[in-house]
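Visitor: Pasting in a structure now, in structure tokens, and then I'll have a few things to ask.
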Amino acid sequence: RWSYGRSRNEELKMLAHELFGQAAGNRAYIVSDYRRDVSQHQGDPSRGQAVFTKAACITCHQLGDTGVNVGPSLLDVKIKPPEALITDILDPNRAVEERWVSWNVATKDDRTLTGLVLAETTAGITLRLPGGITENISRNEIKKITASGMSLMPEGLEAAITPADMADLIAFLKKR
């Protein structure tokens, strides 16, 4: 979803927005609404585990044996208040540490890869992609590399996570 929604191919981008929905432009408004609405639900950790999978959190985050280790660790979520978790999930670009900024790499064989730079040498870079895939790319294969300035985590998860689902997800994350 994330890659297709940011594609340079306008037709592909349009189809992705049609299929997955488009992120709302005003993230603060969405976060505020969710904070209010989530407080009206009693979260269920077992349903939250299903949300963790359904919302594709598992492609970049790992909790126990579930998911893969690409993005930030979720070990500190137990101490975060639910309001902070809602903000982190629905507005992932509000505050992005440099190490979690996604990079776009265009290769000479016309591939476009988006991920986190794990390592960089004079010979090439190692990119960690969603799903836990690691790609080594030599410098002579790279046509262009740019930092997106944004998190690898997509905006627009409110299209996949209702306020009730969010309450369940938070209950699951806090239980771990």
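All residue names refer to the structure tokens as shown: chains lettered A, B, ... in order, residues numbered from 1 in each chain, ligands numbered from 1 in order.
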Which polymer residues have any atom within 10 Å of an atom of Val70 (chain A), counting only C-alpha atoms, with same-chain residues fewer than 2 positions away left out, as number ranges by chain?

Guide: A: 58-62, 67-68, 72-73, 100, 115-116, 118, 128-134, 152

Visitor: Which polymer residues have any atom within 6 Å of an atom of region 27-39 of chain A, counting only C-alpha atoms, with same-chain residues fewer than 3 positions away left out, as a list in words?

Guide: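 Residues near the query, excluding close chain neighbours: Thr87, Asp91, Pro163 and Ala167 of chain A.
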
Visitor: Could those selected residues go to a file with C-alpha atoms, as a PDB file, in the first residue's frame?

Guide:
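So out_15.pdb came out as:
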```
ATOM      1  CA  THR A  87      -0.451   9.731  17.715  1.00  0.00           C
ATOM      2  CA  ASP A  91       0.684  10.497  12.530  1.00  0.00           C
ATOM      3  CA  PRO A 163     -11.509   3.405  16.836  1.00  0.00           C
ATOM      4  CA  ALA A 167      -8.615   0.235  21.437  1.00  0.00           C
TER       5      ALA A 167
END
```

Visitor: Restricting the calculation to only C-alpha atoms, which member of A:Ala16, A:Gly64, A:Asn9, A:Ile145 is positioned closest to Phe172 (chain A)?

Guide: A:Gly64

Visitor: Which neighbours of region 43-57 of chain A fall inside 8 Å, counting only C-alpha atoms, when residues of the same chain fewer than 3 positions from it are skipped, and could you give them as a list in words?

Guide: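 In the requested format, the answer is Cys60, His61, Gly67, Leu157, Ala160, Ile161, Ala164, Asp165, Met166, Ala167, Asp168, Leu169, Ile170, Ala171, Phe172, Leu173 and Lys175 of chain A.
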
Visitor: I'd like the contact shell of Ile142 (chain A) - 12 Å cut-off, only C-alpha atoms, skipping same-chain residues fewer than 6 positions apart - returned as a ChimeraX atom specification.

Guide: /A:104-113,123-126,136

Visitor: Go ahead and save the picked residues with all heavy atoms, as a tab-separated table (two decimals), in the first residue's frame.

Guide:
```
chain	number	residue	atom	x	y	z
A	104	ASN	N	14.57	6.12	-0.80
A	104	ASN	CA	14.12	5.62	-2.10
A	104	ASN	C	15.35	5.41	-2.96
A	104	ASN	O	16.16	6.33	-3.13
A	104	ASN	CB	13.18	6.63	-2.76
A	104	ASN	CG	11.97	6.91	-1.89
A	104	ASN	OD1	11.32	6.00	-1.42
A	104	ASN	ND2	11.69	8.17	-1.66
A	105	VAL	N	15.48	4.22	-3.50
A	105	VAL	CA	16.63	3.88	-4.34
A	105	VAL	C	16.11	3.45	-5.71
A	105	VAL	O	15.35	2.49	-5.82
A	105	VAL	CB	17.48	2.74	-3.72
A	105	VAL	CG1	18.64	2.40	-4.63
A	105	VAL	CG2	17.96	3.12	-2.33
A	106	ALA	N	16.53	4.18	-6.73
A	106	ALA	CA	16.23	3.81	-8.12
A	106	ALA	C	17.48	3.15	-8.68
A	106	ALA	O	18.58	3.71	-8.58
A	106	ALA	CB	15.86	5.04	-8.94
A	107	THR	N	17.33	1.97	-9.23
A	107	THR	CA	18.48	1.25	-9.77
A	107	THR	C	18.55	1.38	-11.29
A	107	THR	O	17.56	1.74	-11.93
A	107	THR	CB	18.41	-0.25	-9.40
A	107	THR	OG1	17.27	-0.82	-10.01
A	107	THR	CG2	18.37	-0.44	-7.89
A	108	LYS	N	19.70	1.08	-11.82
A	108	LYS	CA	19.90	1.19	-13.27
A	108	LYS	C	19.09	0.16	-14.05
A	108	LYS	O	18.86	0.34	-15.24
A	108	LYS	CB	21.39	1.08	-13.60
A	108	LYS	CG	22.16	2.30	-13.10
A	108	LYS	CD	23.63	2.21	-13.41
A	108	LYS	CE	24.33	3.44	-12.86
A	108	LYS	NZ	25.78	3.34	-12.97
A	109	ASP	N	18.63	-0.90	-13.38
A	109	ASP	CA	17.77	-1.88	-14.05
A	109	ASP	C	16.28	-1.57	-13.81
A	109	ASP	O	15.43	-2.44	-13.90
A	109	ASP	CB	18.11	-3.31	-13.65
A	109	ASP	CG	17.91	-3.58	-12.16
A	109	ASP	OD1	17.59	-2.64	-11.40
A	109	ASP	OD2	18.06	-4.74	-11.75
A	110	ASP	N	15.98	-0.30	-13.49
A	110	ASP	CA	14.62	0.24	-13.36
A	110	ASP	C	13.80	-0.33	-12.20
A	110	ASP	O	12.58	-0.33	-12.24
A	110	ASP	CB	13.83	0.10	-14.67
A	110	ASP	CG	14.37	1.00	-15.75
A	110	ASP	OD1	14.85	2.11	-15.41
A	110	ASP	OD2	14.33	0.61	-16.92
A	111	ARG	N	14.48	-0.77	-11.16
A	111	ARG	CA	13.77	-1.14	-9.93
A	111	ARG	C	13.72	0.09	-9.02
A	111	ARG	O	14.63	0.92	-9.04
A	111	ARG	CB	14.47	-2.27	-9.20
A	111	ARG	CG	14.46	-3.57	-9.96
A	111	ARG	CD	15.08	-4.72	-9.16
A	111	ARG	NE	16.42	-4.38	-8.69
A	111	ARG	CZ	16.94	-4.79	-7.53
A	111	ARG	NH1	16.25	-5.56	-6.72
A	111	ARG	NH2	18.15	-4.44	-7.18
A	112	THR	N	12.68	0.20	-8.24
A	112	THR	CA	12.59	1.24	-7.22
A	112	THR	C	12.36	0.56	-5.89
A	112	THR	O	11.40	-0.20	-5.73
A	112	THR	CB	11.44	2.23	-7.52
A	112	THR	OG1	11.66	2.80	-8.80
A	112	THR	CG2	11.39	3.33	-6.48
A	113	LEU	N	13.26	0.80	-4.96
A	113	LEU	CA	13.19	0.18	-3.64
A	113	LEU	C	13.03	1.27	-2.58
A	113	LEU	O	13.64	2.33	-2.69
A	113	LEU	CB	14.46	-0.63	-3.37
A	113	LEU	CG	14.82	-1.68	-4.41
A	113	LEU	CD1	16.24	-2.17	-4.21
A	113	LEU	CD2	13.85	-2.83	-4.33
A	123	ALA	N	31.41	0.69	-1.31
A	123	ALA	CA	30.99	-0.27	-2.33
A	123	ALA	C	29.48	-0.29	-2.57
A	123	ALA	O	29.03	-0.62	-3.66
A	123	ALA	CB	31.46	-1.67	-1.95
A	124	GLY	N	28.69	0.04	-1.54
A	124	GLY	CA	27.24	-0.02	-1.71
A	124	GLY	C	26.48	0.23	-0.43
A	124	GLY	O	27.06	0.67	0.57
A	125	ILE	N	25.19	-0.06	-0.47
A	125	ILE	CA	24.35	0.12	0.70
A	125	ILE	C	23.55	-1.16	0.95
A	125	ILE	O	23.35	-1.96	0.05
A	125	ILE	CB	23.36	1.29	0.55
A	125	ILE	CG1	22.35	1.05	-0.58
A	125	ILE	CG2	24.08	2.61	0.36
A	125	ILE	CD1	21.19	2.00	-0.58
A	126	THR	N	23.14	-1.31	2.19
A	126	THR	CA	22.24	-2.39	2.57
A	126	THR	C	20.94	-1.74	2.98
A	126	THR	O	20.93	-0.89	3.88
A	126	THR	CB	22.82	-3.23	3.72
A	126	THR	OG1	24.08	-3.75	3.32
A	126	THR	CG2	21.89	-4.37	4.10
A	136	ASN	N	21.12	-5.86	-0.68
A	136	ASN	CA	22.43	-5.24	-0.85
A	136	ASN	C	22.50	-4.68	-2.26
A	136	ASN	O	22.27	-5.42	-3.23
A	136	ASN	CB	23.55	-6.26	-0.63
A	136	ASN	CG	23.58	-6.76	0.79
A	136	ASN	OD1	23.59	-5.97	1.73
A	136	ASN	ND2	23.56	-8.07	0.97
```

Visitor: Between CA of Ala147 (chain A) and CA of Ile89 (chain A), measure the distance and give it in Å to one decimal.

Guide: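 According to the coordinates, CA of Ala147 (chain A) and CA of Ile89 (chain A) are separated by 21.1 Å.
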
Visitor: Could you pull out the residues in region 40-167 of chain A that DSSP calls alpha helix (DSSP H) from the backbone, as a PyMOL selection string?

Guide: chain A and resi 45-54+82-90+163-167

Visitor: Would you please work out which residue, of A:Glu10, A:Glu98, A:Glu120, A:Glu83, is nearest to Ser151 (chain A) when using only C-alpha atoms?

Guide: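 Among the listed residues, A:Glu98 lies closest to Ser151 (chain A).
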
Visitor: Just the number, please: distance in Å from CA of Leu75 (chain A) to CA of Arg176 (chain A), one decimal.

Guide: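 Computing it gives 8.1 Å between the two atoms.
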
Visitor: Between A:Thr121, A:Thr162, A:Asn93, A:Thr114, which is the closest to Gly149 (chain A) once you count only C-alpha atoms?

Guide: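 Checking each candidate against Gly149 (chain A), we get A:Asn93 as the closest.
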
Visitor: Using Å and a single decimal, report how far CA of Val117 (chain A) sits from CA of Arg99 (chain A).

Guide: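 Distance between the two atoms: 7.9 Å.
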